[in-house]
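Data first, discussion second: the structure below is written as structure tokens.
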Protein chains: 4
Amino acid sequence: MTDFASILGSLPAAIAPYQGKGKQADYIPALAEIPSDKFGMAISTVDGRDYVIGDAEEGFSIQSISKLFTLSLAMHYAGERVFKRVGVEPSGNPFNSLSQLESENGIPRNPFINAGALVIADVLLGHLGSPKQDFLDYMRALSGNLDLQYDEQVFRSEYDTGHRNAALAHYLYSFGNIKHPIAQVLDFYFYQCSLNMSCLDLARASRFLAMEGQHPFRDERVVSPLQARRINTLMMTCGTYDEAGEFAFHVGLPCKSGVGGGIVATVPGKMSICVWSPELGKKGNSLPGMQALKTFVEKTGLAVF
Amino acid sequence: MTDFASILGSLPAAIAPYQGKGKQADYIPALAEIPSDKFGMAISTVDGRDYVIGDAEEGFSIQSISKLFTLSLAMHYAGERVFKRVGVEPSGNPFNSLSQLESENGIPRNPFINAGALVIADVLLGHLGSPKQDFLDYMRALSGNLDLQYDEQVFRSEYDTGHRNAALAHYLYSFGNIKHPIAQVLDFYFYQCSLNMSCLDLARASRFLAMEGQHPFRDERVVSPLQARRINTLMMTCGTYDEAGEFAFHVGLPCKSGVGGGIVATVPGKMSICVWSPELGKKGNSLPGMQALKTFVEKTGLAVF
Amino acid sequence: MTDFASILGSLPAAIAPYQGKGKQADYIPALAEIPSDKFGMAISTVDGRDYVIGDAEEGFSIQSISKLFTLSLAMHYAGERVFKRVGVEPSGNPFNSLSQLESENGIPRNPFINAGALVIADVLLGHLGSPKQDFLDYMRALSGNLDLQYDEQVFRSEYDTGHRNAALAHYLYSFGNIKHPIAQVLDFYFYQCSLNMSCLDLARASRFLAMEGQHPFRDERVVSPLQARRINTLMMTCGTYDEAGEFAFHVGLPCKSGVGGGIVATVPGKMSICVWSPELGKKGNSLPGMQALKTFVEKTGLAVF
Amino acid sequence: MTDFASILGSLPAAIAPYQGKGKQADYIPALAEIPSDKFGMAISTVDGRDYVIGDAEEGFSIQSISKLFTLSLAMHYAGERVFKRVGVEPSGNPFNSLSQLESENGIPRNPFINAGALVIADVLLGHLGSPKQDFLDYMRALSGNLDLQYDEQVFRSEYDTGHRNAALAHYLYSFGNIKHPIAQVLDFYFYQCSLNMSCLDLARASRFLAMEGQHPFRDERVVSPLQARRINTLMMTCGTYDEAGEFAFHVGLPCKSGVGGGIVATVPGKMSICVWSPELGKKGNSLPGMQALKTFVEKTGLAVF
């Protein structure tokens, strides 16, 4: 049997050459202040075992990783209808691009670029009674951590600096693809991004994607097996912005990243993984994090293909 | 001497075949309700004579024609510095495009596309004590019509439907090229567009462009002779959206149009002209209006070249 | 054990509603003349069994499916260096687009768009003594069919109509990313596309991708296990033009399509598949073929995730 | 009366600060070898007087200035039909861009970008019996210089390095907007660009544009008065690539430039001008040449508006 603990133990050395090569997100103070040499990783297997290394139990800002969970929740409520308002194609453009939206009449390419996630937030506003509290409860249940909290300081900073997201929201609204008041959509969107979680929290919370949609702690389905498969597929083709091809090619697992430096990956049928290290490469994905996943896959042979 | 009255008199017949071929702006009720067969034209010569035909003294929504006057006012206050924040090149794209802005780091191609006009509005907010009142006073003085008013109903409708402009404003703000609060910039911008003026008002108000910047009714300069020349040039190359080349080619005069169906044209040293007819061609310029100008130029030989 | 024969037998009924809904490629006579209701499918398992249905043994023009084999051959010779000249990202644009190439300095997004395949052809010209004959021999050995031939009539038609590919080649040359004479590159490229093969030939020929690179009929490796994995990944993210996301989402297997109506798919560790039916959807992939694969995956549960 | 000789005499001092700031075209040896500090200017008035300064009688490669004359000749033969195959709008993109052509189905934005000039060359091939000789004769007659010659060395270099133009030609052919064999079109196009003329030759040859189309040396019209006006207009809106707005704004005359460092300008009704200096700015127009024109216009007050 693969000795995951020992493989995890080898990762700090493997990523060391990549530390200091990237650039931490600094558009809000709360992100810029994190020590740049943080590194943690957690594995949560389908049979319920957890493995951790480094700063795996320290909370960080999940940012775009939240899109994975809002999408799952939206698919739970609205099923296939979600994909009338957002596509499933890689965008080939940066995550906050407005250009493509223009030529494609307000239908975002996929739910993982910012425009797509804003549409998903709008979908959820139509299904949740108390969107912020409901989403928080959902994440607490998935992670088994009842202490999860939004980071109000991050939220406030996002809101104050998020003019490009506001531009996207107004733009989508002008195409009729956002239906709730823009302030409400942005509020919910910035809250979801500001959620604070650790690698262990995220590995546990995404375990349903490795378990055909089965809730990790409850006798219920988060999404259907087919939906779980499709979310994994979307992570593979679109989960890491316009670097998704590189990730698929070099890592070979479905991944979803965030500018906080976190990356969630799934090995369907086996485990979910979360790695965290704040230094980002040019495309906005954690550079040491990507390297850790690459090394982990090489040593375990767990690539999808 | 050219018999302008008689030439004007021949225009209704000349444009008749073009009426019913265009499409009136209908994004707000106040514009959609105007009878589509309206047609008026006014000429105001540099020696102070006015000629009118048809509905030339009926007010309409000046919309983007306002950009001509805000630009002039901004150049009056800020001179060449205006062109550090906005370019002077034709855009080659529709007037409300966001794509180009993305690849060019938030510097709008010229002051006549919406993005450029929002930046100009922001410039003016830095110079005017009571922006809305000051701009109204300025337009009243230029036109000699002290009864000019903003159309509150049009303003309100613009505000409610102007999500693409809001998107542009947020986007420009994210690049640091809007400096005042976005709500303030949009408020001022939608007010300037909602101004109600007649062909005669506009022909008189733009006469300074045919008079090297000289105020039509006061012993002062609206802009310097060089600035007047440059504004005329900008009208020629960028004044009618991505149809500017066609206008220059077929009309041959500096023009600035608005989606209300108005077009202002200048014949430097001789006269200013305003034509109005609500039906728009595919690029957003009045179809009968363009035809009237073309016929007028053919009959008078007044083209620039 | 899954009864593949019986599942294959159910496919003609499953795809029937999709026949007559697409549009056959007609840019060259040789493609337009094929009866549009042709349908065949072949499976070749890693333990050497073949299953066929319909027109699975009738030859057709492999067109872009050839890119799968030229890439494999180029990786065999040049290894990782191939990816200095061509990327691994989905393009988000049609297969013969020139725009992206312009903004990305002549590095095609991936080896499966036409620009990328032309670069791969150029790479091979540097390694093969008699490119056309060598590639034919390679395909004969992979398929076990020594009678494979280029279709001279298709080749000639491609050459006469292939001005967009010629444009791409000149363009790549201007960036220095094609190094051999353009006529030579185009000649080789059009020949590879004109190869005539049946579903059974293609299923057998692509079996190495399901077998970690192992040659299906010889005791040698076509590519290394890592390379096979990466080619499968590229098929998943980029194999079906700008419909790759849809294929991944709805089919869930690595696929490579051609405008002749063929699609090759792999189930790593288990089998390779080829389906053929000439009617194409809007993005240039066989509409009944995609449906057949979707149904096959649903019935067998063989999706990757 | 304006003392043109004295104003010309003041230009070398005026442009001195701009020499050494640009970059000479170096894509072919014949252009790179010209001493970069060359400067000449010639004026040819409608009443037949010529004024020269500096290197005004030294030949240089006219390059894209040739587009002015091929367009005039094509309009002479094909009239308005020319504009069914090429537009009259500024492109907003670099002169050799392929992107716009893609989204606009093979109709170049205007006749002065390379794609448009290739279409014009194709038009002429349908009207001229011996295209190269006929065009040479035409230019000799217009300039009154019977010694004009193509520069075979420049032609050969253009041909060998002109892959982007070849790409454009193939691309246009794929849209059906080039009708003659591509090799023939490129051959004619590269010859027209390789023509060697002096400032004085070019000022004289373009005098018809200041004279309502009247041939400078013969009792015939080169183009009609309306056509002359439209060509001037096109020069104003599109004659200096994506710097046309800047030229119109800062110079204020219709201009057509070439990468050899020449710029032709017209003052309708008064004179034609040619300036030459090899160092180019970022957009491919002569930097000292633009400055010379700007100064000349400031001192003479000859701007169009």
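A note on labels: chains of the structure tokens are A, B, ... as shown, every chain counts residues from 1, and ligands are counted from 1 in their shown order.
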
Q: Compile the contact shell of Ala183 in chain B as a ChimeraX atom specification: residues with an atom at most 10 Å away, counting only C-alpha atoms, same-chain residues fewer than 6 positions apart removed.
A: /B:166,169-170,189

(Q) Within 10 Å of chain D, which residues belong to chain C? Use only C-alpha atoms and report them as JSON, numbers by chain. (A) {"C": [97, 98, 99, 100, 101, 102, 103, 161, 162, 163, 164, 165, 166, 167, 168, 169, 170, 171, 172, 173, 174, 175, 182]}

Q.
Residues within 7 Å of range 252-255 of chain D, please, as a ChimeraX atom specification. Count only C-alpha atoms; anything in the same chain fewer than 3 positions from it doesn't count.
A. /D:232-233,235-236,239-240,247-249,263-267,303-304

**Q.** Close residues, Ala25 in chain D itself excluded, 8 Å, only C-alpha atoms, min 3 positions apart in chain, as a ChimeraX atom specification
**A.** /D:28,31-32,259-260,278-280

Q.
Applying 12 Å and only C-alpha atoms, which residues near Leu302 in chain D remain after dropping the ones on its own chain fewer than 4 positions away? List them as an MDAnalysis selection string.
A. (chainID B and resid 229) or (chainID D and resid 2 4 251:254 265:273 293:298)

Q | Residues near Cys199 in chain C, cut-off 7 Å, only C-alpha atoms, skip fewer than 5 positions along chain, as a ChimeraX atom specification | A | /C:40-42,56-57,274-276

**Q.** Secondary structure check, strand (DSSP E) residues of range 50-190 of chain A, as a PyMOL selection string
**A.** chain A and resi 50-54+60-61+149-150

(Q) Quick check, in Å to one decimal: how far apart do CA of Phe155 in chain D and CA of Gly116 in chain D lie? (A)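 We find that CA of Phe155 in chain D and CA of Gly116 in chain D lie 19.5 Å from each other.
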
Q. D:Lys299, D:His180, D:Lys256, D:His76: which is nearest Gly284 in chain D, counting only C-alpha atoms?
A.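 Nearest to Gly284 in chain D: D:Lys256.
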
(Q) So that I can check the secondary structure, give me every residue of range 69-165 of chain D assigned helix (DSSP H, G or I) by backbone DSSP, as a PyMOL selection string. (A) chain D and resi 69-85+99-103+114-125+131-143+152-161+163-165

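Counting only C-alpha atoms, Gly20 in chain A has the following residues at most 12 Å away, ignoring those fewer than 5 positions along the same chain: A:Ile15, A:Pro35, A:Ser36, A:Asp37, A:Lys38, A:Ser277, A:Pro278, A:Glu279, A:Leu280, A:Gly281, A:Ser286, A:Leu287, A:Pro288.
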
Q. Rounded to one decimal in Å, what is the spacing between CA of Glu246 in chain A and CA of Arg81 in chain C?
A. 15.1 Å
